[in-house]
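Next comes target_8.txt, with compact mmCIF, C-alpha atoms and all ligand atoms.
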```txt
# COMPACT_ATOMS: atom_id res chain seq x y z
CA MET A 1 -58.68 -27.25 -116.50
CA ALA A 2 -57.58 -30.85 -115.95
CA ARG A 3 -60.15 -33.00 -114.22
CA TRP A 4 -57.42 -34.63 -112.12
CA ALA A 5 -57.35 -31.51 -109.95
CA PRO A 6 -60.58 -31.91 -107.97
CA LEU A 7 -62.44 -29.10 -106.21
CA TYR A 8 -63.78 -29.37 -102.68
CA TYR A 9 -67.51 -29.18 -101.93
CA GLU A 10 -70.72 -29.95 -103.84
CA LYS A 11 -70.83 -26.25 -104.63
CA PRO A 12 -67.17 -25.18 -105.09
CA LEU A 13 -65.91 -22.30 -103.01
CA GLU A 14 -64.03 -19.21 -104.16
CA ILE A 15 -61.97 -17.44 -101.52
CA VAL A 16 -61.62 -13.76 -102.34
CA SER A 17 -60.06 -12.17 -99.26
CA GLY A 18 -58.88 -12.92 -95.77
CA ARG A 19 -57.32 -11.69 -92.58
CA GLY A 20 -55.72 -13.63 -89.76
CA ARG A 21 -57.39 -17.03 -89.60
CA ARG A 22 -60.56 -15.89 -91.43
CA VAL A 23 -61.33 -15.91 -95.14
CA VAL A 24 -64.25 -14.49 -97.10
CA ASP A 25 -65.92 -16.20 -100.09
CA GLY A 26 -67.27 -14.67 -103.30
CA GLU A 27 -70.70 -14.27 -101.70
CA GLY A 28 -69.36 -12.34 -98.73
CA ARG A 29 -69.53 -15.18 -96.21
CA THR A 30 -66.74 -15.44 -93.63
CA TYR A 31 -65.13 -18.72 -92.55
CA LEU A 32 -62.66 -19.71 -89.89
CA ASP A 33 -59.86 -21.33 -91.88
CA PHE A 34 -58.57 -24.60 -90.41
CA TYR A 35 -56.95 -25.70 -93.66
CA GLY A 36 -54.65 -22.74 -94.39
CA GLY A 37 -54.37 -23.43 -98.13
CA VAL A 38 -53.06 -26.94 -97.31
CA ALA A 39 -50.75 -25.85 -94.47
CA VAL A 40 -49.28 -22.96 -96.47
CA ASN A 41 -50.67 -19.91 -94.68
CA LEU A 42 -48.36 -20.36 -91.74
CA LEU A 43 -48.96 -16.95 -90.13
CA GLY A 44 -52.49 -16.44 -91.46
CA HIS A 45 -53.74 -14.03 -94.08
CA ASP A 46 -52.90 -10.36 -94.64
CA VAL A 47 -49.95 -10.23 -92.25
CA PRO A 48 -48.54 -6.65 -92.28
CA GLU A 49 -44.90 -7.72 -91.70
CA VAL A 50 -44.98 -10.03 -94.74
CA CYS A 51 -47.05 -7.70 -96.92
CA GLU A 52 -44.71 -4.77 -96.24
CA ALA A 53 -41.62 -6.84 -97.10
CA ILE A 54 -43.27 -7.90 -100.37
CA GLU A 55 -44.35 -4.32 -101.17
CA GLU A 56 -40.82 -3.05 -100.56
CA ARG A 57 -39.50 -5.66 -102.96
CA LEU A 58 -42.14 -4.72 -105.54
CA ARG A 59 -40.95 -1.11 -105.41
CA THR A 60 -37.50 -2.19 -106.70
CA GLY A 61 -39.26 -3.07 -109.95
CA VAL A 62 -37.37 -6.37 -110.23
CA LEU A 63 -39.41 -9.48 -109.48
CA HIS A 64 -37.13 -12.08 -110.93
CA THR A 65 -33.44 -12.45 -111.69
CA SER A 66 -32.80 -16.27 -111.87
CA THR A 67 -30.22 -18.16 -109.87
CA PHE A 68 -27.43 -16.90 -112.17
CA TYR A 69 -27.29 -13.67 -110.13
CA LEU A 70 -26.82 -12.95 -106.46
CA ALA A 71 -30.00 -12.22 -104.54
CA ARG A 72 -29.50 -10.95 -101.01
CA ALA A 73 -32.77 -12.35 -99.63
CA GLN A 74 -31.98 -15.75 -101.10
CA VAL A 75 -28.57 -15.93 -99.41
CA GLU A 76 -30.00 -14.66 -96.12
CA LEU A 77 -32.74 -17.28 -96.27
CA ALA A 78 -30.31 -20.08 -97.11
CA GLU A 79 -28.15 -19.14 -94.11
CA ARG A 80 -31.14 -19.05 -91.78
CA ILE A 81 -32.46 -22.42 -92.95
CA ALA A 82 -29.04 -24.08 -92.93
CA GLU A 83 -28.44 -22.88 -89.36
CA ARG A 84 -31.74 -24.27 -88.11
CA SER A 85 -31.74 -27.50 -90.10
CA GLY A 86 -29.71 -29.77 -87.83
CA VAL A 87 -27.91 -31.01 -90.97
CA GLY A 88 -24.11 -31.22 -90.60
CA ASP A 89 -22.07 -29.02 -93.04
CA PRO A 90 -25.24 -27.98 -94.87
CA ALA A 91 -25.78 -26.76 -98.42
CA VAL A 92 -29.09 -25.35 -99.66
CA TYR A 93 -30.77 -25.56 -103.06
CA PHE A 94 -34.01 -23.67 -103.75
CA THR A 95 -36.87 -24.95 -105.90
CA CYS A 96 -40.51 -24.01 -106.51
CA SER A 97 -42.74 -26.78 -105.11
CA GLY A 98 -42.55 -29.53 -102.55
CA THR A 99 -42.48 -32.08 -105.33
CA GLU A 100 -39.54 -30.41 -107.02
CA ALA A 101 -37.65 -30.28 -103.73
CA VAL A 102 -38.23 -34.03 -103.23
CA GLU A 103 -36.95 -34.63 -106.77
CA ALA A 104 -33.80 -32.62 -105.99
CA ALA A 105 -33.23 -34.64 -102.79
CA LEU A 106 -33.69 -37.95 -104.64
CA LEU A 107 -31.38 -36.77 -107.40
CA ALA A 108 -28.64 -35.85 -104.92
CA ALA A 109 -28.97 -39.10 -102.93
CA THR A 110 -29.04 -41.38 -105.98
CA GLU A 111 -26.02 -39.63 -107.49
CA TYR A 112 -24.18 -39.79 -104.17
CA ARG A 113 -24.85 -43.50 -103.79
CA ARG A 114 -24.75 -44.30 -107.52
CA SER A 115 -27.95 -46.32 -107.08
CA ASN A 116 -31.65 -45.82 -107.72
CA ARG A 117 -32.79 -48.11 -104.89
CA VAL A 118 -34.78 -46.13 -102.33
CA ILE A 119 -36.67 -47.18 -99.22
CA ALA A 120 -39.92 -45.38 -98.51
CA LEU A 121 -42.78 -45.90 -96.09
CA ASP A 122 -46.18 -47.30 -96.80
CA ARG A 123 -48.94 -44.62 -96.88
CA SER A 124 -46.40 -41.85 -97.57
CA TYR A 125 -46.99 -38.87 -99.89
CA HIS A 126 -44.02 -37.07 -101.43
CA GLY A 127 -45.43 -35.31 -104.48
CA ARG A 128 -46.77 -35.71 -107.98
CA THR A 129 -43.93 -36.05 -110.51
CA PHE A 130 -42.35 -39.25 -111.76
CA GLY A 131 -39.67 -39.63 -109.06
CA ALA A 132 -41.67 -38.17 -106.16
CA LEU A 133 -44.65 -40.36 -107.07
CA SER A 134 -42.51 -43.45 -107.13
CA VAL A 135 -41.64 -43.01 -103.43
CA THR A 136 -45.29 -42.27 -102.59
CA GLY A 137 -46.76 -45.27 -100.78
CA ASP A 138 -50.34 -43.97 -100.59
CA ARG A 139 -52.08 -46.07 -103.25
CA ARG A 140 -54.66 -43.39 -104.02
CA TRP A 141 -51.95 -41.15 -105.51
CA GLN A 142 -49.72 -43.72 -107.18
CA GLY A 143 -51.34 -43.97 -110.62
CA SER A 144 -49.82 -46.49 -113.02
CA GLY A 145 -47.00 -47.40 -110.66
CA LEU A 146 -44.47 -47.00 -113.50
CA THR A 147 -41.36 -45.66 -111.85
CA PRO A 148 -37.80 -44.51 -112.54
CA LEU A 149 -36.68 -45.68 -109.07
CA ASP A 150 -36.40 -49.13 -107.54
CA VAL A 151 -38.46 -48.53 -104.40
CA ALA A 152 -39.10 -50.85 -101.45
CA PHE A 153 -41.99 -49.79 -99.20
CA ALA A 154 -41.82 -50.67 -95.50
CA ASP A 155 -45.21 -51.11 -93.88
CA GLU A 156 -45.94 -49.86 -90.39
CA LYS A 157 -45.49 -53.27 -88.73
CA GLU A 158 -41.98 -53.74 -90.10
CA ASP A 159 -38.88 -52.95 -88.03
CA LEU A 160 -37.15 -50.35 -90.21
CA GLY A 161 -33.60 -51.43 -89.31
CA ALA A 162 -34.34 -55.03 -90.29
CA PHE A 163 -36.08 -53.80 -93.44
CA VAL A 164 -33.03 -51.78 -94.53
CA ALA A 165 -30.75 -54.76 -93.75
CA ALA A 166 -32.93 -57.06 -95.85
CA ALA A 167 -33.10 -54.59 -98.76
CA GLY A 168 -29.37 -54.96 -99.53
CA PRO A 169 -28.04 -51.87 -97.77
CA GLU A 170 -24.87 -51.61 -99.89
CA SER A 171 -27.01 -50.55 -102.82
CA VAL A 172 -29.66 -48.47 -101.01
CA ALA A 173 -29.49 -44.78 -102.02
CA ALA A 174 -31.70 -43.36 -99.26
CA LEU A 175 -34.52 -43.81 -96.80
CA ILE A 176 -37.20 -41.13 -97.19
CA ALA A 177 -39.85 -40.45 -94.53
CA GLU A 178 -42.34 -37.85 -93.29
CA PRO A 179 -42.31 -37.49 -89.48
CA VAL A 180 -46.11 -37.15 -89.56
CA GLN A 181 -47.78 -38.57 -92.65
CA GLY A 182 -49.90 -35.61 -93.64
CA VAL A 183 -51.84 -36.67 -96.70
CA ALA A 184 -52.46 -40.03 -94.97
CA GLY A 185 -54.51 -38.01 -92.47
CA ALA A 186 -51.89 -36.61 -90.03
CA VAL A 187 -50.54 -39.93 -88.79
CA PRO A 188 -47.35 -39.56 -86.69
CA LEU A 189 -44.62 -42.17 -87.14
CA ALA A 190 -44.53 -44.46 -84.12
CA PRO A 191 -41.96 -43.49 -81.46
CA GLY A 192 -38.64 -45.21 -82.16
CA ARG A 193 -39.52 -46.02 -85.77
CA LEU A 194 -36.90 -43.80 -87.42
CA GLU A 195 -34.40 -44.52 -84.65
CA SER A 196 -34.62 -48.26 -85.38
CA ALA A 197 -33.08 -47.63 -88.82
CA ARG A 198 -30.34 -45.25 -87.69
CA ASP A 199 -27.55 -47.83 -87.03
CA GLU A 200 -28.18 -49.66 -90.27
CA LEU A 201 -28.21 -46.38 -92.25
CA ASP A 202 -25.09 -45.04 -90.54
CA SER A 203 -23.04 -48.19 -90.90
CA HIS A 204 -23.66 -48.24 -94.65
CA GLY A 205 -23.54 -44.47 -95.17
CA ILE A 206 -27.15 -44.35 -96.42
CA PRO A 207 -28.63 -40.82 -96.33
CA LEU A 208 -31.83 -40.26 -94.36
CA ILE A 209 -34.12 -37.86 -96.25
CA ILE A 210 -36.69 -36.22 -94.00
CA ASP A 211 -39.65 -34.71 -95.84
CA GLU A 212 -40.62 -31.70 -93.70
CA ILE A 213 -42.90 -30.23 -96.34
CA GLN A 214 -45.95 -30.55 -94.13
CA THR A 215 -44.33 -30.84 -90.69
CA GLY A 216 -41.72 -28.06 -90.90
CA TRP A 217 -41.69 -24.51 -89.50
CA GLY A 218 -43.12 -25.32 -86.07
CA ARG A 219 -46.33 -26.95 -87.21
CA THR A 220 -46.01 -30.01 -84.98
CA GLY A 221 -44.99 -27.97 -81.93
CA ARG A 222 -41.27 -28.42 -82.62
CA TYR A 223 -39.38 -26.47 -85.28
CA TRP A 224 -39.00 -29.64 -87.39
CA GLY A 225 -41.14 -32.74 -87.18
CA TYR A 226 -38.05 -34.96 -87.02
CA GLN A 227 -37.22 -33.40 -83.65
CA TRP A 228 -39.85 -35.65 -82.09
CA HIS A 229 -37.42 -38.47 -82.89
CA ASP A 230 -33.81 -39.07 -81.89
CA VAL A 231 -32.41 -38.76 -85.42
CA HIS A 232 -30.77 -36.16 -87.64
CA PRO A 233 -31.49 -35.86 -91.33
CA ASP A 234 -28.74 -35.99 -93.93
CA ILE A 235 -31.14 -34.24 -96.30
CA LEU A 236 -34.20 -32.20 -95.30
CA VAL A 237 -36.89 -31.09 -97.77
CA PHE A 238 -39.05 -28.01 -97.12
CA ALA A 239 -41.86 -26.09 -98.84
CA LYS A 240 -45.47 -25.08 -97.95
CA GLY A 241 -45.53 -22.35 -95.29
CA VAL A 242 -41.99 -21.01 -95.56
CA ALA A 243 -43.04 -17.89 -97.53
CA ASN A 244 -46.58 -17.70 -96.05
CA GLY A 245 -48.20 -18.29 -99.44
CA LEU A 246 -45.59 -17.26 -101.97
CA VAL A 247 -43.98 -20.03 -104.00
CA LEU A 248 -40.78 -21.37 -102.51
CA SER A 249 -39.32 -24.74 -101.57
CA GLY A 250 -35.94 -26.35 -101.30
CA VAL A 251 -33.52 -28.88 -99.97
CA VAL A 252 -30.90 -28.55 -97.28
CA GLY A 253 -28.47 -31.44 -97.26
CA ARG A 254 -24.99 -32.47 -96.27
CA ARG A 255 -22.62 -30.68 -98.62
CA ASP A 256 -20.83 -33.89 -99.69
CA ILE A 257 -24.18 -35.36 -100.78
CA MET A 258 -25.49 -32.19 -102.38
CA GLU A 259 -22.28 -31.64 -104.31
CA SER A 260 -22.10 -35.17 -105.68
CA LEU A 261 -24.08 -34.06 -108.75
CA PRO A 262 -21.63 -34.31 -111.65
CA MET A 263 -23.43 -31.56 -113.61
CA ALA A 264 -24.76 -28.05 -113.06
CA SER A 265 -28.44 -27.94 -112.09
CA LEU A 266 -30.66 -24.92 -112.59
CA SER A 267 -34.13 -24.06 -111.27
CA THR A 268 -35.08 -20.87 -113.13
CA PHE A 269 -37.56 -19.65 -110.50
CA GLY A 270 -35.91 -21.36 -107.48
CA GLY A 271 -35.60 -18.98 -104.51
CA ASN A 272 -36.75 -16.00 -106.58
CA PRO A 273 -36.21 -12.66 -104.80
CA LEU A 274 -39.89 -11.95 -104.15
CA SER A 275 -40.57 -15.32 -102.51
CA ALA A 276 -37.25 -15.28 -100.66
CA THR A 277 -38.07 -11.82 -99.26
CA ALA A 278 -41.46 -13.08 -98.05
CA ALA A 279 -39.79 -16.15 -96.54
CA VAL A 280 -37.23 -14.11 -94.57
CA ALA A 281 -40.10 -12.00 -93.16
CA THR A 282 -42.22 -15.10 -92.43
CA LEU A 283 -39.47 -16.96 -90.58
CA GLY A 284 -38.69 -13.76 -88.64
CA CYS A 285 -42.32 -13.62 -87.42
CA LEU A 286 -42.32 -17.34 -86.65
CA ASP A 287 -39.45 -16.82 -84.19
CA ALA A 288 -40.45 -13.40 -82.84
CA TRP A 289 -44.01 -14.51 -82.10
CA ARG A 290 -42.89 -17.90 -80.70
CA LEU A 291 -45.30 -19.69 -82.96
CA THR A 292 -43.75 -23.12 -82.48
CA ASP A 293 -44.73 -22.88 -78.81
CA ASN A 294 -48.16 -21.58 -79.80
CA ALA A 295 -48.65 -24.53 -82.17
CA ARG A 296 -47.82 -26.94 -79.36
CA ARG A 297 -50.01 -25.18 -76.79
CA VAL A 298 -53.05 -24.42 -78.95
CA GLY A 299 -52.65 -27.74 -80.77
CA ARG A 300 -52.87 -29.55 -77.44
CA HIS A 301 -55.95 -27.53 -76.54
CA LEU A 302 -57.63 -28.22 -79.89
CA ARG A 303 -56.83 -31.91 -79.63
CA ALA A 304 -58.25 -32.11 -76.09
CA GLN A 305 -61.43 -30.30 -77.21
CA LEU A 306 -61.89 -32.65 -80.14
CA ASP A 307 -61.20 -35.76 -78.05
CA ARG A 308 -63.81 -34.66 -75.53
CA ARG A 309 -66.45 -33.49 -78.01
CA LEU A 310 -66.18 -36.49 -80.33
CA ALA A 311 -65.66 -39.24 -77.72
CA SER A 312 -69.21 -40.57 -77.98
CA ALA A 313 -69.70 -40.21 -81.76
CA PRO A 314 -69.95 -43.78 -83.18
CA CYS A 315 -68.65 -42.66 -86.59
CA VAL A 316 -65.38 -41.24 -85.24
CA GLU A 317 -62.50 -43.67 -85.07
CA SER A 318 -59.82 -41.38 -83.64
CA VAL A 319 -58.29 -37.92 -83.47
CA HIS A 320 -54.56 -37.95 -84.20
CA GLY A 321 -51.55 -35.86 -85.18
CA ARG A 322 -49.16 -33.42 -83.52
CA GLY A 323 -49.36 -29.72 -82.72
CA LEU A 324 -51.50 -27.99 -85.34
CA LEU A 325 -51.33 -30.90 -87.79
CA LEU A 326 -54.35 -32.96 -86.78
CA GLY A 327 -56.61 -35.54 -88.39
CA ILE A 328 -59.97 -37.07 -87.53
CA SER A 329 -60.75 -40.46 -89.05
CA PHE A 330 -64.27 -41.72 -89.67
CA ILE A 331 -65.67 -45.24 -89.75
CA ARG A 332 -68.98 -46.84 -90.59
CA PRO A 333 -70.75 -47.26 -87.24
CA GLY A 334 -71.02 -50.91 -86.32
CA THR A 335 -68.55 -52.26 -88.87
CA GLY A 336 -65.42 -50.20 -88.18
CA GLU A 337 -64.68 -49.87 -91.92
CA PRO A 338 -63.18 -46.56 -93.10
CA CYS A 339 -65.98 -44.23 -94.22
CA PRO A 340 -64.98 -41.53 -96.75
CA GLU A 341 -68.65 -40.55 -97.23
CA THR A 342 -68.87 -39.41 -93.59
CA ALA A 343 -65.63 -37.41 -93.90
CA ARG A 344 -67.03 -35.64 -96.98
CA GLN A 345 -70.38 -35.01 -95.30
CA VAL A 346 -68.73 -33.58 -92.19
CA GLN A 347 -66.59 -31.33 -94.40
CA GLU A 348 -69.77 -30.00 -96.07
CA GLU A 349 -71.45 -29.49 -92.68
CA CYS A 350 -68.37 -27.64 -91.39
CA ARG A 351 -68.60 -25.29 -94.34
CA ARG A 352 -72.24 -24.65 -93.49
CA GLY A 353 -71.13 -23.91 -89.93
CA GLY A 354 -68.47 -21.44 -91.16
CA LEU A 355 -65.34 -23.61 -90.90
CA LEU A 356 -62.96 -24.78 -93.64
CA VAL A 357 -61.27 -28.16 -93.19
CA GLY A 358 -59.46 -30.51 -95.58
CA LEU A 359 -59.84 -34.16 -96.54
CA GLY A 360 -57.30 -36.98 -96.58
CA GLY A 361 -56.47 -40.42 -95.26
CA THR A 362 -55.40 -43.45 -97.25
CA HIS A 363 -59.10 -44.32 -97.62
CA GLY A 364 -60.22 -40.71 -97.96
CA ASN A 365 -61.89 -41.04 -94.56
CA CYS A 366 -60.08 -38.28 -92.63
CA LEU A 367 -60.60 -34.61 -92.00
CA ARG A 368 -57.34 -32.70 -91.95
CA LEU A 369 -56.80 -29.63 -89.78
CA MET A 370 -53.79 -27.38 -90.48
CA PRO A 371 -54.70 -23.86 -89.37
CA ALA A 372 -52.25 -20.98 -89.22
CA LEU A 373 -49.86 -21.28 -86.28
CA THR A 374 -51.22 -17.97 -84.96
CA LEU A 375 -54.48 -19.74 -84.06
CA THR A 376 -55.85 -18.64 -80.68
CA ALA A 377 -57.35 -20.89 -78.00
CA LEU A 378 -60.68 -19.13 -78.57
CA GLU A 379 -60.59 -19.96 -82.28
CA ALA A 380 -59.65 -23.56 -81.45
CA HIS A 381 -62.69 -23.68 -79.21
CA GLU A 382 -64.93 -22.16 -81.90
CA GLY A 383 -63.68 -24.53 -84.61
CA SER A 384 -63.97 -27.64 -82.46
CA ALA A 385 -67.57 -26.71 -81.61
CA VAL A 386 -68.40 -26.46 -85.34
CA ILE A 387 -66.79 -29.86 -85.91
CA GLU A 388 -68.83 -31.39 -83.10
CA GLU A 389 -72.08 -30.00 -84.52
CA SER A 390 -71.08 -31.11 -88.01
CA VAL A 391 -70.38 -34.67 -86.90
CA HIS A 392 -73.83 -34.81 -85.29
CA ALA A 393 -75.46 -33.37 -88.40
CA ALA A 394 -73.64 -36.03 -90.49
CA LEU A 395 -74.75 -38.76 -88.11
CA ARG A 396 -78.35 -37.71 -88.63
CA LYS A 397 -77.92 -37.96 -92.41
CA ARG A 398 -76.12 -41.34 -92.26
CA PRO A 399 -73.98 -40.77 -95.38
CA TRP A 400 -72.66 -44.36 -95.27
CA ARG A 401 -75.97 -45.78 -96.52
CA PRO A 402 -76.02 -46.87 -100.20
CA PRO A 403 -77.27 -43.93 -102.34
CA GLU A 404 -80.49 -45.78 -103.42
CA ARG A 405 -81.42 -46.35 -99.77
CA ALA A 406 -80.72 -42.72 -98.93
CA ALA A 407 -82.86 -41.51 -101.86
CA ARG A 408 -85.74 -43.81 -100.87
CA ASP A 409 -85.66 -42.66 -97.24
CA GLY A 410 -85.56 -39.02 -98.43
CA SER A 411 -86.53 -36.48 -95.86
CA ALA A 412 -86.72 -39.09 -93.10
CA ALA A 413 -82.95 -39.06 -93.10
CA GLU A 414 -82.92 -35.28 -92.74
CA ALA A 415 -85.23 -35.53 -89.78
CA GLY A 416 -83.77 -38.60 -88.16
C1 LIG B 1 -45.14 -34.45 -97.22
C2 LIG B 1 -45.31 -33.85 -98.57
N1 LIG B 1 -44.35 -34.01 -99.49
C3 LIG B 1 -44.46 -33.48 -100.73
C4 LIG B 1 -45.58 -32.74 -101.10
C5 LIG B 1 -45.66 -32.14 -102.46
O1 LIG B 1 -45.61 -30.76 -102.39
P1 LIG B 1 -46.21 -29.84 -103.58
O2 LIG B 1 -47.68 -30.07 -103.63
O3 LIG B 1 -45.81 -28.45 -103.18
O4 LIG B 1 -45.51 -30.26 -104.83
C6 LIG B 1 -46.61 -32.57 -100.18
C7 LIG B 1 -47.84 -31.82 -100.57
O5 LIG B 1 -48.83 -31.84 -99.91
C8 LIG B 1 -46.48 -33.14 -98.88
O6 LIG B 1 -47.44 -33.00 -97.97
```
If you took the structure in this file and wrote it as C-alpha cells, what would it be?
Amino acid sequence: MARWAPLYYEKPLEIVSGRGRRVVDGEGRTYLDFYGGVAVNLLGHDVPEVCEAIEERLRTGVLHTSTFYLARAQVELAERIAERSGVGDPAVYFTCSGTEAVEAALLAATEYRRSNRVIALDRSYHGRTFGALSVTGDRRWQGSGLTPLDVAFADEKEDLGAFVAAAGPESVAALIAEPVQGVAGAVPLAPGRLESARDELDSHGIPLIIDEIQTGWGRTGRYWGYQWHDVHPDILVFAKGVANGLVLSGVVGRRDIMESLPMASLSTFGGNPLSATAAVATLGCLDAWRLTDNARRVGRHLRAQLDRRLASAPCVESVHGRGLLLGISFIRPGTGEPCPETARQVQEECRRGGLLVGLGGTHGNCLRLMPALTLTALEAHEGSAVIEESVHAALRKRPWRPPERAARDGSAAEAG
C-alpha cells in the first residue's frame, strides 16, 4: 500500500469490533474512541437503527443501481438535506468522498462565474485531489503546489471583505471556508470573519462555499458549523458522518449555480442506495436523539474538564474548538514553539490508557477529539482523565529533546 497513507502509532492498531463509543483491537483490548474514524462514526458503533436499515436494504439483493435510476432513499435524503441546508432554492448532487464533493462545488462555482479564481483561507484543508488540494492552505498537505485553479489565500489577520475587494471581485468564482478548521487542529474561524466578506460577495454575486465536511450534522453544537456565523452558504459541502460510516458525500447548492454546468455529470456510486438508506436512518437518529444539543452540552463539559486538568501543564498551549470538535495544541516548554513530538507522545500514552485520539495542526502539534455525538458526560470525564494522565506521562519523557540526548539519558527520562 502507498506509503503516503501513514498509520498511527509506533505499533499500528487494528480495530476489529465496536459498540457505542468503544472499539476493540485485534488483541481483545477495549478503547474509548474519541476519534470516531475521523469524525465519521456520528452515532457510534453498532447502532441497531442503522444496522437494521442496512440489513433491510441488503435483503432486497440490490446494492447498487447508479444515478441513472430512481432510488427512493436517495430522493428522501436529498429532500431532507435540502430542507435543512439553509441554501435558497437548493439542488443536491451526491458523491462518494468529501474531496469529490469539494470538486463538485468548485466545478459548479467556476462554471457559474466562468472563472477559475478562488479565494480560500490559510491553514484550510479541503481534500486530496488536484482541485481540492489547490484550495488547501495547510502547507503540510499541499505537495507540489501545481494547481488547476488560480487561488488567493487570505491569512487570519486579513479582513476578508477587503481581501475579496483587492482580489478583483468581478473575476472571483467563489470563497471557500470551513467554519472550524478541522485538520488544522479544530480552530474555529474568528467571530465576524465570514460576515466581513458577505457584502463584498453579495454585491458581486460571488458564491460562498461552506465546507461542512467536518463541522456538519451537529458536531459543533449547531446543526451546521456556519450557523455560528451570521451568513448563509450558496453552496454547502457535506460528507463524513452522514451515513454513520458508509460512503456518502455531496453538495447542496443554489439551483442556478448547480445547474450552470453545460454538460451532464455522473458519479457512478454517488448516493448509492445502501449508503443513502444508512444516511436516512442516521439523520433520523440525529434528530430523534437530539444529538446536536448533546454535542453542545457534553462538548462544553469535555472542554471545561480539559481546560481545568491541563491548565498547569507547561507543554499545553491551548484547548480549542466547538462542541465535540476539539483540539489540544502542544508547545515546547520554555520556548513556546509548536511541538509535534509531544502531540505524538501524548497520543501513544492515550492509547496505553485506553483512549483513541487523532493528530493534526498545521505543525502536527495538536491532538484532535471528534467522538460520536452520543458521548455521555461520564465518558467525557473518563477520556479527559486519560488525557491528563497522558500529558503528565509525556512531560516525564520530555519528547521534545533531540533524539541523541534522549537516548543518552535513557531510563533517567522514564524515571524523571
Ligand atoms: C473540511 C474537510 N474537507 C474535505 C475533506 C476531504 O474529505 P475526504 O477525506 O472524505 O475526501 C476533509 C477530510 O478530512 C475535511 O476535513
Within 9 Å of ligand LIG 1 (chain B), counting all atoms listed in the file, which protein or nucleic acid residues do you find, written as a ChimeraX atom specification?
/A:38-39,96-102,124-129,132,136,177-183,211-215,237-240,247-249
Calculate how many Å separate CA of Ile328 in chain A from CA of Leu310 in chain A, rounding to one decimal.
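We find that CA of Ile328 in chain A and CA of Leu310 in chain A lie 9.5 Å from each other.
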Would you pick out the contacts of Asn244 in chain A at 8 Å or less, using all atoms listed in the file, so that residues sharing its chain but fewer than 5 positions from it are not included, and give the list as a ChimeraX atom specification?
/A:40-44,50,278-279,282
Put those residues in a file: C-alpha atoms, as a CSV table (one decimal), in the coordinates of the input.
```csv
chain,number,residue,atom,x,y,z
A,40,VAL,CA,-49.3,-23.0,-96.5
A,41,ASN,CA,-50.7,-19.9,-94.7
A,42,LEU,CA,-48.4,-20.4,-91.7
A,43,LEU,CA,-49.0,-17.0,-90.1
A,44,GLY,CA,-52.5,-16.4,-91.5
A,50,VAL,CA,-45.0,-10.0,-94.7
A,278,ALA,CA,-41.5,-13.1,-98.0
A,279,ALA,CA,-39.8,-16.2,-96.5
A,282,THR,CA,-42.2,-15.1,-92.4
```
List as a PyMOL selection string the protein and nucleic acid residues near range 344-360 of chain A, meaning an atom at most 6 Å away when only C-alpha atoms are counted, but skip any in the same chain fewer than 6 places from it.
chain A and resi 31-35+183-185+366-369+386+390-391+394
How many Å separate CA of Ser134 in chain A from CA of Ala174 in chain A?
13.4 Å
Mind checking which residues fall within 12 Å of Gly161 in chain A, counting only C-alpha atoms, ignoring those fewer than 2 positions away in the same chain, and posting them as a PyMOL selection string?
chain A and resi 119+154+158-159+163-169+175+192-204+206
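Across the model, the gap from CA of Phe130 in chain A to CA of Val151 in chain A is 12.5 Å.
Among the candidates A:Tyr9, A:Pro273, A:Trp289, A:Glu379, the residue lying nearest to Glu76 in chain A is A:Pro273 (atoms considered: all atoms listed in the file).
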Around the point (-25.4, -30.5, -90.9) (coordinates from the file), which residues reach within 9 Å if we count all atoms listed in the file? Answer as a PDB file with C-alpha atoms, keeping the file's coordinate frame.
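So out_7.pdb came out as:
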```pdb
ATOM      1  CA  ALA A  82     -29.040 -24.080 -92.930  1.00  0.00           C
ATOM      2  CA  GLU A  83     -28.440 -22.880 -89.360  1.00  0.00           C
ATOM      3  CA  SER A  85     -31.740 -27.500 -90.100  1.00  0.00           C
ATOM      4  CA  GLY A  86     -29.710 -29.770 -87.830  1.00  0.00           C
ATOM      5  CA  VAL A  87     -27.910 -31.010 -90.970  1.00  0.00           C
ATOM      6  CA  GLY A  88     -24.110 -31.220 -90.600  1.00  0.00           C
ATOM      7  CA  ASP A  89     -22.070 -29.020 -93.040  1.00  0.00           C
ATOM      8  CA  PRO A  90     -25.240 -27.980 -94.870  1.00  0.00           C
ATOM      9  CA  ALA A  91     -25.780 -26.760 -98.420  1.00  0.00           C
ATOM     10  CA  HIS A 232     -30.770 -36.160 -87.640  1.00  0.00           C
ATOM     11  CA  PRO A 233     -31.490 -35.860 -91.330  1.00  0.00           C
ATOM     12  CA  ASP A 234     -28.740 -35.990 -93.930  1.00  0.00           C
ATOM     13  CA  ILE A 235     -31.140 -34.240 -96.300  1.00  0.00           C
ATOM     14  CA  VAL A 252     -30.900 -28.550 -97.280  1.00  0.00           C
ATOM     15  CA  GLY A 253     -28.470 -31.440 -97.260  1.00  0.00           C
ATOM     16  CA  ARG A 254     -24.990 -32.470 -96.270  1.00  0.00           C
ATOM     17  CA  ARG A 255     -22.620 -30.680 -98.620  1.00  0.00           C
TER      18      ARG A 255
END
```
Close residues, Ser115 in chain A itself excluded, 8 Å, all atoms listed in the file, min 2 positions apart in chain, as JSON, numbers by chain
{"A": [110, 111, 113, 117, 171, 172, 173]}
Out of A:Gly20, A:Pro207, A:Pro12, A:Pro6, which residue has the shortest atom-to-atom distance to Ala105 in chain A when counting only C-alpha atoms?
A:Pro207
